[in-house]
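Asker: I have a structure I would like to understand better, so I am pasting it below and will then ask my questions one at a time.
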Amino acid sequence: MLEEFRAFVQGVKQTGRLMVGVPDYDNYVRHRQTTHPDLPVMTYEEFFIERQNSRYGIGDGKFIRCC
Amino acid sequence: MSTPLSKLGTAALAVFGAIAFGVVALNRGETVNAIWLVIAAVCTYLIAYRIYGIFIAKYVISVDGNRQTPAVRYNDGLDYVPTNKYVLFGHHFAAIAGAGPLVGPVLAAQMGYLPGTLWILLGVVFAGAVQDFLVLMISTRRDGRSLGDIIRSEMGGPAGAVALVGVLLIMIIIVAILALVVVKALAGSPWGTFTVISTLPTAIIMGIYCRFIRPGHVGEMSVIGFVLLMAGLYFGQVISQSPDLAPLFTYDGKTLAIAIMIYGFVASVLPVWFLLAPRDYLTTFLKIGTIVALAIGIVFVMPDLKMPTITKFVDGTGPVFSGSWFPFLFITIACGAVSGFHALISSGTTPKMLESETQGTFIGYGGMLMESFVAIMAMIAASVIDPGVYFAMNSPAGLIGGDAVNAASVISSWGFVVTPDMLTQVAADVGEKTILSRAGGAPTLAVGMAHIFSGFLGGKALMGFWYHFAILFEALFILTTVDAGTRVARFMIQDMVGVVVPSFKATKSWTNNIIGSALSVAAWGYFLYAGVTDPLGGINTLWPLFGISNQMLAGIALIMCTVVLFKMKRGKVAWVPMFPAAWLLICTMDAGLQKVFSSDVKIGFFSHGAKFQAALEQNQILAPAKTLDQMSQIVMNDRVDGVMAAAFVLVVICMLVAGVIAVIKARGNPNVSTHEIGAQPGTVANA
């Protein structure tokens, strides 16, 4: 029960972050460690700034959201 | 899906939904409770999802759980991330839900709540959700490429170029009309104006906090932002009641329009973390919160619908927008039924995060159903207020005059009995001097929301707070769109001019950005200013242009889906996108051609211009112009609007021709002629 509740809260947090263009950081770290263990991993701060620039650096075919 | 139990469930939903529809549509003379509208809508969505959504998934696009999605193929933890379907649903919904579905239904309520509701429901099931879902799947199978890219590769370069011009025109019109909605809501309202201005320092504080003080702590920053917003709302009231301070924040439409243009220019050249990003965080959370609260409010308060089922204005004589129900109802409600803009979102970030193709139905089709529900709630909010008050708020000043006594007598003569006292009382309740001629949707919605929210929180004492909260919510949202839209239009202008002057393409150059932003602001600013000074109140003139452009884009996206299905050798099911595409083309062409050629000066831009031109030549001044300069301004505006409508019609015709040619070619080719990535089920494609 408690486990399920925790998972739910985690899901809400993730959804909230992704709504503003920040994907799951832990997932990013896991991904880098398993696929590119030799390469450096961004800290959360670097990761956030990279995502912020990417989301709002409006370019071809990039619309952050509808009218 | 086809177990006896689920069939029974669908049948039960159908019966329940049919009863709700019966109550909503057949009731005459008695007031209907809004809850019936909610039940009818929700049953429609569930049935449509279980039958039509699944049909499209299985037989039209054939989703395949074994086929690799771009998220899996290019997984980088950043742009391409296989994402839990509920989390992705939230992301997708937040991206497609905008101010559009809240405004269109409010305007359409002048015909009664039934015509608009029927179009919202039928439109979403057969057009809107189909478009979003198919575009999402088509983009997913092409590495998450953008709509423009897909059109270029499936229908040829010229078609792609025409579509891009169409998108640029839409951006310009959208920003202009949404900015106009804000101007209409804030003109002469010190409370609203102060509250909205206070969001600027709020956003800057949030931006600095989230970038430098505690980078990435979105939650903390949002709490700070929310507290500051509420403070702005509170002090807005204090200021509006102070005889010394209130005049400092009381502006007319023209001044506000110029202020928004300056804001749009400055905001779009500043770094994104400074204003755009924090504002976007705040609006996103505020929007989701408000939508949820509105849903809870409607279910909890169960308000009665006071608007009649159908009003006499279906014949096209209504004050809010001109033109009869066909085609103008289908143009007025765009987002919520079908919105071409979603095709840009469905081919944006969402396809790069789809974990498996089997989740496409839930996210693409289901996401749009949810958006449609927002439109239904807007329709309810507009229908729970007294019809007389509704018409007072939405009719142009040219028709009802500037004071409550005159307005009440004009509106009562239309058959919607209202007294001057009622109009001044509503204004006093929400803390405004006047509510007359506040067209544009936001204020009406705000009164409706205040009506619903005050039903369970705070009662009448908090009406003013809820009203300005709703205004703040819409304005915040729209100002973010103004900033982002200016950037998008700037990018597209740079891209197009860059073909001739390559150095203009460098988006990192400050000079380029300043010139690009200036051009972009000039383009939408022109329409905004014309709207503010428009005798018919602007919304009346410009909203149809927005509707035509948005539906036109949906038509283009659905033509592309049709072409792709023929290229996949699935011509037998191509009617699924072809039927709504044909409907949208008929509506946009008819509306567009009427706007260009109609001899009725209320509808046709050129005939309206010609009337004023003729008067001008004889040195006559026609109301509401007061000087000869204003007369020539009106003539000029009419011509520009007419050319714009003609341009939209031309874009539609070009895309239709390109679509037909592509379909004929595909039919002549015995083989599958489209290129999908990862087509062999179960095999792992190379990255």
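Labeling convention for the structure tokens: chains A, B, ... as they appear, residues from 1 per chain, ligands from 1 in order of appearance.
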Please identify which residues in chain A DSSP calls helix (DSSP H, G or I) from the backbone, and express them as a VMD selection string.
Answerer: chain A and resid 2 to 19 25 to 35 44 to 56
Asker: Could you make a table, as a tab-separated table, of the residues of chain B that have an atom within 6 Å of an atom of chain A, each with its nearest atom pair and distance in Å to one decimal, counting only C-alpha atoms, in chain and number order?
Answerer:
```
residue	atom	partner	partner_atom	distance
B:Gly77	CA	A:Tyr28	CA	4.3
B:Val87	CA	A:Thr15	CA	4.6
B:Gly90	CA	A:Thr15	CA	5.9
B:His91	CA	A:Met19	CA	4.3
B:Ala95	CA	A:Arg65	CA	4.2
B:Ile96	CA	A:Cys66	CA	5.0
B:Gly98	CA	A:Cys67	CA	4.8
B:Ala99	CA	A:Cys67	CA	5.9
B:Gly100	CA	A:Cys67	CA	5.9
B:Ser146	CA	A:Gly61	CA	5.3
B:Pro215	CA	A:Glu45	CA	5.4
B:Gly216	CA	A:Phe48	CA	5.4
B:Tyr281	CA	A:Val20	CA	5.9
```
Asker: Convert the current residue selection to file output with all heavy atoms, as a compact mmCIF listing (two decimals), in the first residue's frame.
Answerer:
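Listed below is the output, result17.txt:
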```txt
# COMPACT_ATOMS: atom_id res chain seq x y z
N GLY B 77 18.20 9.45 -22.95
CA GLY B 77 17.87 10.00 -21.63
C GLY B 77 17.49 11.46 -21.67
O GLY B 77 17.17 12.05 -20.64
N VAL B 87 2.62 9.24 -17.62
CA VAL B 87 3.49 10.42 -17.54
C VAL B 87 3.48 11.14 -18.89
O VAL B 87 3.35 12.36 -18.98
CB VAL B 87 4.92 10.00 -17.14
CG1 VAL B 87 5.86 11.19 -17.19
CG2 VAL B 87 4.92 9.37 -15.75
N GLY B 90 0.31 13.07 -19.61
CA GLY B 90 0.34 14.37 -18.95
C GLY B 90 1.14 15.38 -19.75
O GLY B 90 0.71 16.51 -19.98
N HIS B 91 2.29 14.94 -20.23
CA HIS B 91 3.14 15.83 -21.03
C HIS B 91 2.42 16.26 -22.30
O HIS B 91 2.38 17.44 -22.64
CB HIS B 91 4.44 15.09 -21.40
CG HIS B 91 5.23 15.77 -22.46
ND1 HIS B 91 6.10 16.80 -22.18
CD2 HIS B 91 5.26 15.61 -23.80
CE1 HIS B 91 6.64 17.23 -23.32
NE2 HIS B 91 6.15 16.54 -24.31
N ALA B 95 0.84 19.97 -23.43
CA ALA B 95 1.31 20.65 -24.64
C ALA B 95 0.17 21.03 -25.57
O ALA B 95 0.24 22.04 -26.25
CB ALA B 95 2.32 19.77 -25.37
N ILE B 96 -0.90 20.23 -25.63
CA ILE B 96 -1.98 20.56 -26.57
C ILE B 96 -3.03 21.47 -25.96
O ILE B 96 -3.74 22.16 -26.68
CB ILE B 96 -2.66 19.30 -27.18
CG1 ILE B 96 -3.35 18.45 -26.13
CG2 ILE B 96 -1.69 18.50 -28.02
CD1 ILE B 96 -4.20 17.33 -26.71
N GLY B 98 -4.50 24.60 -24.61
CA GLY B 98 -4.14 26.00 -24.57
C GLY B 98 -5.33 26.86 -24.22
O GLY B 98 -6.29 26.40 -23.60
N ALA B 99 -5.27 28.12 -24.65
CA ALA B 99 -6.38 29.02 -24.38
C ALA B 99 -7.51 28.83 -25.40
O ALA B 99 -8.64 29.19 -25.15
CB ALA B 99 -5.90 30.47 -24.41
N GLY B 100 -7.16 28.24 -26.55
CA GLY B 100 -8.13 28.08 -27.63
C GLY B 100 -9.43 27.40 -27.22
O GLY B 100 -10.51 27.94 -27.42
N SER B 146 9.07 16.32 -37.91
CA SER B 146 8.02 17.34 -37.77
C SER B 146 7.03 17.27 -38.93
O SER B 146 7.32 16.69 -39.98
CB SER B 146 8.65 18.73 -37.72
OG SER B 146 9.18 19.04 -38.98
N PRO B 215 19.38 25.60 -8.94
CA PRO B 215 19.09 25.17 -10.31
C PRO B 215 18.26 23.89 -10.35
O PRO B 215 18.56 22.93 -9.64
CB PRO B 215 20.47 24.94 -10.92
CG PRO B 215 21.41 25.70 -10.06
CD PRO B 215 20.81 25.72 -8.69
N GLY B 216 17.21 23.94 -11.13
CA GLY B 216 16.44 22.73 -11.39
C GLY B 216 15.41 22.38 -10.34
O GLY B 216 14.71 21.39 -10.48
N TYR B 281 6.53 27.45 -16.86
CA TYR B 281 6.33 26.52 -15.74
C TYR B 281 5.06 26.88 -15.00
O TYR B 281 4.21 26.04 -14.72
CB TYR B 281 7.50 26.59 -14.74
CG TYR B 281 8.84 26.22 -15.30
CD1 TYR B 281 10.02 26.73 -14.77
CD2 TYR B 281 8.94 25.36 -16.39
CE1 TYR B 281 11.25 26.40 -15.29
CE2 TYR B 281 10.18 25.03 -16.91
CZ TYR B 281 11.33 25.56 -16.36
OH TYR B 281 12.54 25.23 -16.88
```
Asker: Please identify all polymer residues within 10 Å of range 642-652 of chain B, counting only C-alpha atoms, omitting same-chain residues fewer than 5 positions from it, and present them as a tab-separated table (two decimals) with all heavy atoms, in the first residue's frame.
Answerer:
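Okay, result-v2.tsv is ready:
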```
chain	number	residue	atom	x	y	z
B	159	ALA	N	4.73	21.43	-51.82
B	159	ALA	CA	3.65	21.29	-50.84
B	159	ALA	C	4.17	21.64	-49.44
B	159	ALA	O	3.50	22.32	-48.66
B	159	ALA	CB	3.09	19.87	-50.84
B	162	VAL	N	4.47	25.45	-49.16
B	162	VAL	CA	3.16	26.09	-48.99
B	162	VAL	C	2.66	25.89	-47.56
B	162	VAL	O	2.17	26.82	-46.92
B	162	VAL	CB	2.14	25.53	-50.01
B	162	VAL	CG1	0.74	26.06	-49.70
B	162	VAL	CG2	2.53	25.91	-51.42
B	163	ALA	N	2.84	24.66	-47.04
B	163	ALA	CA	2.38	24.37	-45.68
B	163	ALA	C	3.10	25.27	-44.68
B	163	ALA	O	2.50	25.77	-43.73
B	163	ALA	CB	2.59	22.91	-45.35
B	164	LEU	N	4.41	25.49	-44.91
B	164	LEU	CA	5.17	26.32	-43.98
B	164	LEU	C	4.67	27.76	-43.98
B	164	LEU	O	4.56	28.39	-42.93
B	164	LEU	CB	6.66	26.30	-44.36
B	164	LEU	CG	7.48	25.20	-43.71
B	164	LEU	CD1	8.96	25.41	-44.00
B	164	LEU	CD2	7.25	25.16	-42.20
B	165	VAL	N	4.36	28.28	-45.18
B	165	VAL	CA	3.80	29.63	-45.27
B	165	VAL	C	2.49	29.67	-44.47
B	165	VAL	O	2.24	30.60	-43.71
B	165	VAL	CB	3.56	30.04	-46.73
B	165	VAL	CG1	2.81	31.37	-46.80
B	165	VAL	CG2	4.88	30.16	-47.47
B	166	GLY	N	1.68	28.61	-44.64
B	166	GLY	CA	0.42	28.52	-43.90
B	166	GLY	C	0.66	28.58	-42.40
B	166	GLY	O	-0.01	29.31	-41.67
B	169	LEU	N	1.55	32.10	-41.24
B	169	LEU	CA	0.37	32.97	-41.18
B	169	LEU	C	-0.46	32.67	-39.94
B	169	LEU	O	-0.96	33.56	-39.27
B	169	LEU	CB	-0.49	32.80	-42.45
B	169	LEU	CG	0.17	33.23	-43.76
B	169	LEU	CD1	-0.80	33.05	-44.93
B	169	LEU	CD2	0.61	34.69	-43.69
B	170	ILE	N	-0.59	31.37	-39.61
B	170	ILE	CA	-1.35	30.98	-38.43
B	170	ILE	C	-0.71	31.55	-37.17
B	170	ILE	O	-1.39	32.10	-36.31
B	170	ILE	CB	-1.43	29.44	-38.31
B	170	ILE	CG1	-2.27	28.90	-39.44
B	170	ILE	CG2	-2.01	29.03	-36.98
B	170	ILE	CD1	-2.20	27.41	-39.52
B	173	ILE	N	-1.58	35.20	-36.82
B	173	ILE	CA	-2.98	35.44	-36.45
B	173	ILE	C	-3.25	34.99	-35.01
B	173	ILE	O	-3.93	35.67	-34.25
B	173	ILE	CB	-3.92	34.70	-37.44
B	173	ILE	CG1	-3.87	35.37	-38.81
B	173	ILE	CG2	-5.34	34.67	-36.92
B	173	ILE	CD1	-4.50	36.74	-38.84
B	544	PRO	N	-12.80	34.70	-36.78
B	544	PRO	CA	-13.00	33.83	-37.93
B	544	PRO	C	-11.71	33.57	-38.70
B	544	PRO	O	-11.48	32.44	-39.16
B	544	PRO	CB	-14.00	34.60	-38.81
B	544	PRO	CG	-14.68	35.54	-37.89
B	544	PRO	CD	-13.69	35.88	-36.82
B	545	LEU	N	-10.85	34.58	-38.79
B	545	LEU	CA	-9.57	34.37	-39.49
B	545	LEU	C	-8.75	33.32	-38.76
B	545	LEU	O	-8.13	32.45	-39.38
B	545	LEU	CB	-8.77	35.67	-39.54
B	545	LEU	CG	-8.97	36.60	-40.72
B	545	LEU	CD1	-7.99	37.75	-40.62
B	545	LEU	CD2	-8.77	35.87	-42.04
B	546	PHE	N	-8.73	33.40	-37.42
B	546	PHE	CA	-8.00	32.42	-36.63
B	546	PHE	C	-8.59	31.02	-36.84
B	546	PHE	O	-7.88	30.05	-37.07
B	546	PHE	CB	-8.03	32.80	-35.15
B	546	PHE	CG	-7.71	31.65	-34.24
B	546	PHE	CD1	-6.45	31.08	-34.24
B	546	PHE	CD2	-8.66	31.12	-33.39
B	546	PHE	CE1	-6.17	30.00	-33.43
B	546	PHE	CE2	-8.38	30.05	-32.57
B	546	PHE	CZ	-7.13	29.49	-32.59
B	548	ILE	N	-10.41	29.89	-39.32
B	548	ILE	CA	-10.15	29.39	-40.67
B	548	ILE	C	-8.72	28.87	-40.76
B	548	ILE	O	-8.48	27.78	-41.27
B	548	ILE	CB	-10.38	30.51	-41.71
B	548	ILE	CG1	-11.87	30.85	-41.81
B	548	ILE	CG2	-9.85	30.10	-43.08
B	548	ILE	CD1	-12.17	32.07	-42.66
B	549	SER	N	-7.77	29.62	-40.19
B	549	SER	CA	-6.37	29.20	-40.32
B	549	SER	C	-6.11	27.91	-39.56
B	549	SER	O	-5.42	27.01	-40.06
B	549	SER	CB	-5.44	30.31	-39.83
B	549	SER	OG	-5.62	30.53	-38.45
B	550	ASN	N	-6.67	27.78	-38.38
B	550	ASN	CA	-6.42	26.59	-37.57
B	550	ASN	C	-7.07	25.35	-38.21
B	550	ASN	O	-6.46	24.28	-38.29
B	550	ASN	CB	-6.96	26.80	-36.15
B	550	ASN	CG	-6.32	25.87	-35.15
B	550	ASN	OD1	-5.48	25.05	-35.50
B	550	ASN	ND2	-6.70	26.00	-33.90
B	552	MET	N	-7.76	25.07	-41.33
B	552	MET	CA	-7.02	24.83	-42.57
B	552	MET	C	-5.81	23.94	-42.30
B	552	MET	O	-5.55	22.98	-43.03
B	552	MET	CB	-6.57	26.17	-43.13
B	552	MET	CG	-5.60	26.09	-44.26
B	552	MET	SD	-4.74	27.66	-44.45
B	552	MET	CE	-3.46	27.50	-43.22
B	553	LEU	N	-5.11	24.21	-41.22
B	553	LEU	CA	-3.94	23.41	-40.89
B	553	LEU	C	-4.36	21.97	-40.58
B	553	LEU	O	-3.68	21.01	-40.97
B	553	LEU	CB	-3.20	24.03	-39.70
B	553	LEU	CG	-1.88	23.37	-39.32
B	553	LEU	CD1	-0.91	23.37	-40.49
B	553	LEU	CD2	-1.24	24.09	-38.14
B	555	GLY	N	-6.93	20.50	-41.86
B	555	GLY	CA	-7.21	19.93	-43.17
B	555	GLY	C	-5.93	19.46	-43.84
B	555	GLY	O	-5.86	18.35	-44.39
B	556	ILE	N	-4.89	20.28	-43.76
B	556	ILE	CA	-3.61	19.92	-44.37
B	556	ILE	C	-3.06	18.64	-43.73
B	556	ILE	O	-2.62	17.72	-44.41
B	556	ILE	CB	-2.60	21.08	-44.21
B	556	ILE	CG1	-3.05	22.27	-45.05
B	556	ILE	CG2	-1.20	20.64	-44.58
B	556	ILE	CD1	-2.21	23.52	-44.85
B	585	LEU	N	-12.22	21.07	-45.26
B	585	LEU	CA	-11.97	21.86	-46.46
B	585	LEU	C	-13.23	22.59	-46.89
B	585	LEU	O	-13.19	23.77	-47.26
B	585	LEU	CB	-11.45	20.99	-47.61
B	585	LEU	CG	-10.07	20.36	-47.42
B	585	LEU	CD1	-9.55	19.81	-48.73
B	585	LEU	CD2	-9.07	21.36	-46.86
B	588	THR	N	-13.73	25.49	-44.32
B	588	THR	CA	-12.77	26.60	-44.43
B	588	THR	C	-12.92	27.32	-45.76
B	588	THR	O	-12.86	28.55	-45.82
B	588	THR	CB	-11.31	26.14	-44.29
B	588	THR	OG1	-11.12	24.99	-45.10
B	588	THR	CG2	-10.97	25.82	-42.87
B	589	MET	N	-13.15	26.55	-46.84
B	589	MET	CA	-13.28	27.18	-48.15
B	589	MET	C	-14.54	28.04	-48.17
B	589	MET	O	-14.51	29.18	-48.63
B	589	MET	CB	-13.39	26.13	-49.25
B	589	MET	CG	-12.18	25.28	-49.36
B	589	MET	SD	-10.99	26.01	-50.44
B	589	MET	CE	-11.48	25.18	-51.92
B	590	ASP	N	-15.63	27.48	-47.67
B	590	ASP	CA	-16.89	28.23	-47.68
B	590	ASP	C	-16.75	29.50	-46.84
B	590	ASP	O	-17.06	30.60	-47.29
B	590	ASP	CB	-18.03	27.34	-47.15
B	590	ASP	CG	-19.38	27.99	-47.38
B	590	ASP	OD1	-19.42	29.02	-48.06
B	590	ASP	OD2	-20.39	27.47	-46.86
B	591	ALA	N	-16.25	29.33	-45.62
B	591	ALA	CA	-16.09	30.50	-44.74
B	591	ALA	C	-15.11	31.49	-45.35
B	591	ALA	O	-15.36	32.70	-45.38
B	591	ALA	CB	-15.60	30.05	-43.37
B	592	GLY	N	-14.00	30.98	-45.86
B	592	GLY	CA	-12.97	31.85	-46.44
B	592	GLY	C	-13.52	32.61	-47.64
B	592	GLY	O	-13.34	33.83	-47.75
B	593	LEU	N	-14.23	31.91	-48.52
B	593	LEU	CA	-14.77	32.57	-49.71
B	593	LEU	C	-15.84	33.59	-49.33
B	593	LEU	O	-15.92	34.66	-49.92
B	593	LEU	CB	-15.32	31.53	-50.69
B	593	LEU	CG	-14.23	30.65	-51.33
B	593	LEU	CD1	-14.84	29.54	-52.17
B	593	LEU	CD2	-13.29	31.49	-52.18
B	594	GLN	N	-16.65	33.26	-48.32
B	594	GLN	CA	-17.64	34.25	-47.86
B	594	GLN	C	-16.96	35.49	-47.31
B	594	GLN	O	-17.39	36.61	-47.55
B	594	GLN	CB	-18.52	33.64	-46.76
B	594	GLN	CG	-19.60	32.72	-47.29
B	594	GLN	CD	-20.65	32.44	-46.22
B	594	GLN	OE1	-21.10	33.33	-45.53
B	594	GLN	NE2	-21.01	31.18	-46.08
B	595	LYS	N	-15.86	35.26	-46.57
B	595	LYS	CA	-15.13	36.39	-46.00
B	595	LYS	C	-14.55	37.26	-47.11
B	595	LYS	O	-14.36	38.46	-46.96
B	595	LYS	CB	-14.02	35.89	-45.07
B	595	LYS	CG	-14.53	35.47	-43.71
B	595	LYS	CD	-14.82	36.70	-42.86
B	595	LYS	CE	-15.69	36.39	-41.68
B	595	LYS	NZ	-16.34	37.58	-41.13
B	596	VAL	N	-14.22	36.63	-48.25
B	596	VAL	CA	-13.64	37.39	-49.36
B	596	VAL	C	-14.73	37.99	-50.24
B	596	VAL	O	-14.69	39.17	-50.59
B	596	VAL	CB	-12.72	36.48	-50.21
B	596	VAL	CG1	-12.19	37.24	-51.43
B	596	VAL	CG2	-11.55	35.99	-49.36
B	597	PHE	N	-15.75	37.19	-50.60
B	597	PHE	CA	-16.68	37.61	-51.65
B	597	PHE	C	-18.06	38.06	-51.18
B	597	PHE	O	-18.80	38.63	-51.96
B	597	PHE	CB	-16.85	36.49	-52.68
B	597	PHE	CG	-15.60	36.24	-53.47
B	597	PHE	CD1	-14.91	35.04	-53.33
B	597	PHE	CD2	-15.11	37.20	-54.34
B	597	PHE	CE1	-13.75	34.81	-54.05
B	597	PHE	CE2	-13.96	36.97	-55.06
B	597	PHE	CZ	-13.27	35.77	-54.92
B	604	GLY	N	-18.46	39.94	-45.43
B	604	GLY	CA	-17.37	40.10	-46.40
B	604	GLY	C	-16.44	41.25	-46.04
B	604	GLY	O	-16.89	42.36	-45.77
B	605	PHE	N	-15.13	40.97	-46.04
B	605	PHE	CA	-14.16	42.02	-45.74
B	605	PHE	C	-14.15	43.09	-46.83
B	605	PHE	O	-14.17	44.28	-46.56
B	605	PHE	CB	-12.75	41.42	-45.63
B	605	PHE	CG	-12.52	40.65	-44.36
B	605	PHE	CD1	-12.02	39.35	-44.41
B	605	PHE	CD2	-12.78	41.21	-43.12
B	605	PHE	CE1	-11.78	38.64	-43.24
B	605	PHE	CE2	-12.55	40.51	-41.95
B	605	PHE	CZ	-12.05	39.22	-42.02
B	606	PHE	N	-14.13	42.63	-48.10
B	606	PHE	CA	-14.00	43.60	-49.18
B	606	PHE	C	-15.27	44.44	-49.34
B	606	PHE	O	-15.20	45.63	-49.62
B	606	PHE	CB	-13.64	42.90	-50.49
B	606	PHE	CG	-12.23	42.40	-50.50
B	606	PHE	CD1	-11.96	41.03	-50.54
B	606	PHE	CD2	-11.17	43.28	-50.43
B	606	PHE	CE1	-10.65	40.57	-50.52
B	606	PHE	CE2	-9.85	42.83	-50.41
B	606	PHE	CZ	-9.60	41.47	-50.46
B	607	SER	N	-16.45	43.81	-49.16
B	607	SER	CA	-17.68	44.59	-49.31
B	607	SER	C	-17.79	45.63	-48.19
B	607	SER	O	-18.23	46.75	-48.40
B	607	SER	CB	-18.90	43.68	-49.35
B	607	SER	OG	-18.99	42.92	-48.18
B	608	HIS	N	-17.32	45.23	-46.99
B	608	HIS	CA	-17.30	46.18	-45.87
B	608	HIS	C	-16.37	47.34	-46.19
B	608	HIS	O	-16.71	48.52	-46.02
B	608	HIS	CB	-16.86	45.46	-44.59
B	608	HIS	CG	-16.97	46.30	-43.36
B	608	HIS	ND1	-15.91	47.01	-42.86
B	608	HIS	CD2	-18.02	46.54	-42.54
B	608	HIS	CE1	-16.31	47.66	-41.77
B	608	HIS	NE2	-17.58	47.39	-41.55
B	609	GLY	N	-15.19	47.00	-46.73
B	609	GLY	CA	-14.22	48.03	-47.09
B	609	GLY	C	-14.77	48.94	-48.17
B	609	GLY	O	-14.61	50.16	-48.12
B	636	MET	N	-8.40	50.15	-45.10
B	636	MET	CA	-7.10	49.46	-45.19
B	636	MET	C	-7.15	48.11	-44.47
B	636	MET	O	-6.74	47.07	-44.99
B	636	MET	CB	-6.05	50.38	-44.56
B	636	MET	CG	-4.71	49.74	-44.33
B	636	MET	SD	-3.82	49.64	-45.88
B	636	MET	CE	-2.30	48.92	-45.31
B	637	ASN	N	-7.69	48.12	-43.23
B	637	ASN	CA	-7.77	46.88	-42.46
B	637	ASN	C	-8.59	45.83	-43.17
B	637	ASN	O	-8.23	44.65	-43.20
B	637	ASN	CB	-8.41	47.14	-41.08
B	637	ASN	CG	-7.49	47.93	-40.19
B	637	ASN	OD1	-6.31	48.08	-40.49
B	637	ASN	ND2	-8.02	48.44	-39.11
B	657	VAL	N	-4.69	20.13	-54.14
B	657	VAL	CA	-4.16	19.67	-55.43
B	657	VAL	C	-2.97	18.75	-55.21
B	657	VAL	O	-2.88	17.66	-55.78
B	657	VAL	CB	-3.78	20.89	-56.31
B	657	VAL	CG1	-3.02	20.44	-57.55
B	657	VAL	CG2	-5.02	21.68	-56.68
B	658	ALA	N	-2.04	19.18	-54.33
B	658	ALA	CA	-0.86	18.36	-54.06
B	658	ALA	C	-1.28	17.00	-53.50
B	658	ALA	O	-0.70	15.96	-53.86
B	658	ALA	CB	0.06	19.07	-53.08
```
Asker: I'd like the contact shell of Phe473 in chain B - 10 Å cut-off, only C-alpha atoms, skipping same-chain residues fewer than 3 positions apart - returned as a list of chain:residue names.
Answerer: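 Near neighbours after the sequence-gap exclusion: B:Ala99, B:Val196, B:Leu229, B:Leu282, B:Thr283, B:Leu286, B:Lys287, B:Thr290, B:Ala442, B:Ala446, B:Tyr467, B:His468, B:Phe469, B:Ala470, B:Leu476, B:Phe477, B:Ile478.
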Asker: Please report the interatomic distance between CA of Leu88 in chain B and CA of Ser356 in chain B in Å with one decimal.
Answerer: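 Distance between the two atoms: 11.6 Å.
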Asker: Find the spatial neighbours of Met578 in chain B, counting only C-alpha atoms, within a cut-off of 7 Å - ignore same-chain residues fewer than 3 positions away - and output them as a compact mmCIF listing (two decimals) with C-alpha atoms, in the first residue's frame.
Answerer:
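Okay, this is what ended up in result.txt:
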```txt
# COMPACT_ATOMS: atom_id res chain seq x y z
CA LEU B 558 -5.49 15.12 -42.53
CA ILE B 559 -4.68 15.35 -46.26
CA THR B 562 -4.74 10.33 -46.33
CA ALA B 574 -8.27 6.07 -46.10
CA TRP B 575 -11.79 7.41 -45.59
CA ALA B 581 -10.41 16.43 -44.24
CA ALA B 582 -13.19 16.94 -46.78
```
Asker: Between B:Gly207, B:Gly340, B:Pro535, B:Gly448, which residue has the minimum interatomic distance to Leu584 in chain B, considering only C-alpha atoms?
Answerer: B:Gly340
Asker: Which residues are close to Met206 in chain B, i.e. within 12 Å by only C-alpha atoms, leaving aside same-chain residues fewer than 6 positions away? Reply as number ranges by chain.
Answerer: B: 199-200, 212-229, 273-282
Asker: Applying 6 Å and only C-alpha atoms, which residues near Val338 in chain B remain after dropping the ones on its own chain fewer than 6 positions away? List them as a list in words.
Answerer: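 Here the qualifying residues turn out to be Val124, Ala127 and Gly128 of chain B.
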